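Reproduced below: upload_14.cif, with mmCIF, C-alpha atoms.
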```cif
data_query
#
loop_
_atom_site.label_atom_id
_atom_site.label_comp_id
_atom_site.auth_asym_id
_atom_site.auth_seq_id
_atom_site.Cartn_x
_atom_site.Cartn_y
_atom_site.Cartn_z
CA PRO R 11 -13.55 0.73 -16.34
CA HIS R 12 -14.08 -3.02 -16.07
CA LEU R 13 -10.37 -3.67 -16.51
CA LEU R 14 -9.55 -1.17 -13.78
CA VAL R 15 -12.05 -2.79 -11.41
CA LEU R 16 -10.58 -6.20 -12.22
CA LEU R 17 -7.06 -4.95 -11.56
CA CYS R 18 -8.12 -3.31 -8.31
CA SER R 19 -9.82 -6.50 -7.17
CA ALA R 20 -6.79 -8.61 -8.08
CA GLY R 21 -4.53 -6.21 -6.22
CA LEU R 22 -6.72 -6.29 -3.12
CA PHE R 23 -6.81 -10.08 -3.25
CA ALA R 24 -3.01 -10.24 -3.58
CA ALA R 25 -2.52 -7.78 -0.73
CA SER R 26 -4.83 -9.71 1.56
CA GLY R 27 -2.86 -12.87 0.78
CA VAL R 28 0.42 -11.14 1.58
CA MET R 29 -0.97 -9.75 4.82
CA PHE R 30 -2.29 -13.22 5.76
CA VAL R 31 1.08 -14.84 5.10
CA LYS R 32 2.93 -12.13 7.03
CA GLY R 33 0.48 -12.50 9.90
CA ARG R 34 0.96 -16.25 9.97
CA ALA R 35 4.75 -15.87 9.94
CA THR R 36 4.67 -13.87 13.19
CA GLU R 37 2.33 -16.22 15.08
CA PRO R 38 3.77 -18.43 17.83
CA ALA R 39 4.34 -22.14 17.23
CA ALA R 40 1.29 -24.33 16.67
CA PRO R 41 -0.43 -25.78 19.76
CA ALA R 42 0.45 -29.33 18.64
CA ALA R 43 4.15 -28.45 18.84
CA ALA R 44 3.61 -27.01 22.32
CA ALA R 45 1.94 -30.23 23.45
CA GLN R 46 5.06 -32.20 22.52
CA GLN R 47 7.29 -30.05 24.73
CA PRO R 48 7.89 -30.98 28.38
CA ALA R 49 5.53 -29.49 30.96
CA ALA R 50 8.39 -27.63 32.70
CA PRO R 51 8.35 -23.86 32.23
CA ALA R 52 10.47 -22.66 29.36
CA PRO R 53 13.55 -20.58 30.14
CA ALA R 54 13.21 -16.82 29.71
CA ALA R 55 15.18 -16.87 26.45
CA ALA R 56 12.57 -19.15 24.84
CA GLN R 57 9.67 -16.88 25.77
CA PRO R 58 8.14 -14.93 22.86
CA ALA R 59 9.42 -11.38 22.63
CA PRO R 60 7.02 -8.64 23.67
CA VAL R 61 5.15 -6.96 20.87
CA ALA R 62 7.09 -3.93 19.67
CA ALA R 63 5.55 -0.48 19.76
CA PRO R 64 4.40 0.96 16.43
CA THR R 65 7.24 2.11 14.23
CA TYR R 66 5.51 5.30 13.10
CA THR R 67 3.49 7.87 15.00
CA ALA R 68 -0.05 8.79 14.03
CA ALA R 69 1.19 12.26 13.03
CA GLN R 70 3.77 10.78 10.66
CA ILE R 71 1.24 8.45 9.10
CA ASP R 72 -1.28 11.28 8.74
CA GLN R 73 1.34 13.36 6.96
CA TRP R 74 2.00 10.58 4.44
CA VAL R 75 -1.66 9.64 3.94
CA ALA R 76 -3.02 13.22 3.68
CA PRO R 77 -2.21 13.76 -0.04
CA ILE R 78 -4.22 10.68 -1.02
CA ALA R 79 -6.84 10.34 1.74
CA LEU R 80 -9.71 11.75 -0.31
CA TYR R 81 -9.29 9.39 -3.25
CA PRO R 82 -11.99 6.69 -3.60
CA ASP R 83 -11.35 3.53 -1.57
CA ALA R 84 -10.50 1.36 -4.59
CA LEU R 85 -7.89 3.84 -5.83
CA LEU R 86 -6.56 4.49 -2.33
CA SER R 87 -5.97 0.77 -1.81
CA GLN R 88 -4.12 0.54 -5.13
CA ILE R 89 -1.93 3.50 -4.17
CA LEU R 90 -1.09 1.95 -0.81
CA MET R 91 -0.22 -1.39 -2.37
CA ALA R 92 1.80 0.26 -5.13
CA ALA R 93 3.73 2.31 -2.57
CA THR R 94 5.14 -0.95 -1.22
CA TYR R 95 6.99 -1.21 -4.57
CA PRO R 96 8.68 2.22 -4.65
CA ALA R 97 11.18 1.33 -7.41
CA ASN R 98 8.30 0.18 -9.63
CA VAL R 99 6.41 3.40 -8.88
CA ILE R 100 9.39 5.51 -9.95
CA GLN R 101 9.71 3.52 -13.19
CA ALA R 102 5.98 3.81 -13.86
CA ALA R 103 6.03 7.53 -13.14
CA GLN R 104 8.86 7.96 -15.63
CA TRP R 105 6.93 5.89 -18.19
CA SER R 106 3.87 8.06 -17.61
CA LYS R 107 5.96 11.22 -18.01
CA ASP R 108 7.44 9.85 -21.25
CA ASN R 109 3.95 8.95 -22.56
CA PRO R 110 1.83 11.98 -21.59
CA LYS R 111 -1.06 11.15 -23.93
CA MET R 112 -1.56 7.67 -22.47
CA GLU R 113 -4.19 7.32 -19.75
CA GLY R 114 -6.99 5.03 -18.71
CA ASP R 115 -7.28 1.51 -20.09
CA ALA R 116 -4.94 2.31 -22.98
CA ALA R 117 -2.12 3.12 -20.56
CA ILE R 118 -2.75 -0.05 -18.55
CA GLN R 119 -2.66 -2.15 -21.72
CA ALA R 120 0.53 -0.38 -22.86
CA VAL R 121 2.38 -1.40 -19.66
CA ALA R 122 1.01 -4.94 -19.51
CA GLY R 123 4.42 -6.38 -20.42
CA GLN R 124 6.30 -4.45 -17.73
CA PRO R 125 7.63 -6.47 -14.77
CA TRP R 126 5.92 -4.14 -12.28
CA ASP R 127 3.48 -5.18 -9.61
CA PRO R 128 -0.15 -5.14 -10.86
CA SER R 129 -1.02 -2.40 -8.37
CA VAL R 130 1.61 -0.16 -9.97
CA LYS R 131 0.46 -0.99 -13.49
CA SER R 132 -3.11 0.00 -12.59
CA LEU R 133 -1.98 3.47 -11.51
CA VAL R 134 -0.61 4.44 -14.94
CA ALA R 135 -4.25 5.05 -15.88
CA PHE R 136 -3.97 8.24 -13.79
CA PRO R 137 -1.14 10.44 -15.12
CA GLN R 138 -1.65 13.20 -12.53
CA LEU R 139 -1.36 10.65 -9.73
CA MET R 140 1.77 9.18 -11.31
CA SER R 141 3.22 12.68 -11.49
CA LEU R 142 2.50 13.21 -7.77
CA MET R 143 4.08 9.89 -6.83
CA GLY R 144 7.05 10.29 -9.15
CA ALA R 145 7.82 13.77 -7.84
CA ASN R 146 8.46 12.58 -4.29
CA PRO R 147 10.15 9.15 -4.01
CA PRO R 148 10.86 9.49 -0.25
CA TRP R 149 7.15 10.06 0.39
CA VAL R 150 6.27 6.94 -1.62
CA GLN R 151 8.89 4.94 0.31
CA ASN R 152 7.60 6.17 3.69
CA LEU R 153 3.98 5.53 2.74
CA GLY R 154 4.78 2.00 1.59
CA ASP R 155 6.89 1.23 4.65
CA ALA R 156 4.16 2.50 6.96
CA PHE R 157 1.52 0.46 5.13
CA LEU R 158 3.62 -2.71 5.42
CA ALA R 159 4.45 -2.13 9.09
CA GLN R 160 1.12 -0.74 10.30
CA PRO R 161 -1.66 -1.33 7.73
CA LYS R 162 -4.48 -0.77 10.24
CA ASP R 163 -2.98 2.54 11.38
CA VAL R 164 -2.61 3.70 7.78
CA MET R 165 -6.21 2.80 6.95
CA ASP R 166 -7.44 4.42 10.18
CA SER R 167 -5.51 7.56 9.24
CA GLY R 168 -7.30 7.72 5.89
CA GLN R 169 -10.69 7.46 7.56
CA ARG R 170 -9.76 10.00 10.24
CA LEU R 171 -8.54 12.49 7.62
CA ARG R 172 -11.70 11.98 5.56
CA ALA R 173 -13.87 12.65 8.60
CA LEU R 174 -11.88 15.79 9.36
CA ALA R 175 -12.24 16.98 5.76
CA GLN R 176 -15.99 16.37 5.86
CA LYS R 177 -16.29 18.14 9.22
CA THR R 178 -14.50 21.21 7.84
CA GLY R 179 -16.62 21.22 4.70
CA ALA R 180 -13.95 20.03 2.24
#
```
As structure tokens - that is how I would like this structure written.
Amino acid sequence: PHLLVLLCSAGLFAASGVMFVKGRATEPAAPAAAAQQPAAPAPAAAQPAPVAAPTYTAAQIDQWVAPIALYPDALLSQILMAATYPANVIQAAQWSKDNPKMEGDAAIQAVAGQPWDPSVKSLVAFPQLMSLMGANPPWVQNLGDAFLAQPKDVMDSGQRLRALAQKTGA
């Protein structure tokens, strides 16, 4: 259990770093650079582009998040991060299928030498989850793409689906 918690924490830390870097890459130029430019208004072509509308609808995101929404937060975050590496997930699912008696910490240790993302390696501890993910590669791809494009919407979807499940007594 301690190894799983450590892996989950490392994955969350890595994901937050990636999201920070991606967020910084889309920010406009630094104010110091703007101060060096002439005071004249910039031509329309140099203006920042308007923010694009979300790529995915809430209904699409809900459909992709629904199968995993009720998992605990730590596991849900690992699934979302792993889904951003769909090829790794498929390989890990095949490994899990080929090694049906491996689960938990033993499975994680067995795949330590694999070149997969740590979030994917942590999921081999859960063979049923690997079976679910391996059975539907397009779903994994869509889930990962949505998480990369709209992480807040994906997380909001999970919370909304949990609230709906609780309200209906599930």
Any idea what's packed within 7 Å of segment 141-150 of chain R, counting all atoms listed in the file, ignoring anything in its chain fewer than 3 positions away? Could you give it as JSON, numbers by chain? {"R": [74, 93, 96, 99, 100, 103, 137, 138, 153, 154]}
List the neighbours of Gly168 of chain R out to 8 Å using all atoms listed in the file; skip same-chain residues closer than 5 positions along the sequence, and give me the result as a compact mmCIF listing (two decimals) with C-alpha atoms, in the coordinates of the input.
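File written: part27.txt
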```txt
# COMPACT_ATOMS: atom_id res chain seq x y z
CA ASP R 72 -1.28 11.28 8.74
CA VAL R 75 -1.66 9.64 3.94
CA ALA R 76 -3.02 13.22 3.68
CA ALA R 79 -6.84 10.34 1.74
CA LEU R 80 -9.71 11.75 -0.31
```
Residues at most 6 Å from segment 117-130 of chain R, counting only C-alpha atoms, excluding those fewer than 4 positions away in the same chain, as a ChimeraX atom specification? /R:21,88,92,98,112-113,134-135
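Between atom CA of Leu85 of chain R and atom CA of Asp166 of chain R there is a distance of 16.0 Å.
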Have a look at R:Pro77, R:Gln169, R:Leu133, R:Gln160 and name the one nearest to Gln101 of chain R; count all atoms listed in the file. R:Leu133
For Asn152 of chain R, which of R:Ala84, R:Met140, R:Leu90, R:Ala180 is the closest residue, counting only C-alpha atoms?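 Between R:Ala84, R:Met140, R:Leu90, R:Ala180, the residue approaching Asn152 of chain R most closely is R:Leu90.
Computed from the coordinates, the atom CA of Phe157 of chain R to atom CA of Ile78 of chain R distance equals 13.2 Å.
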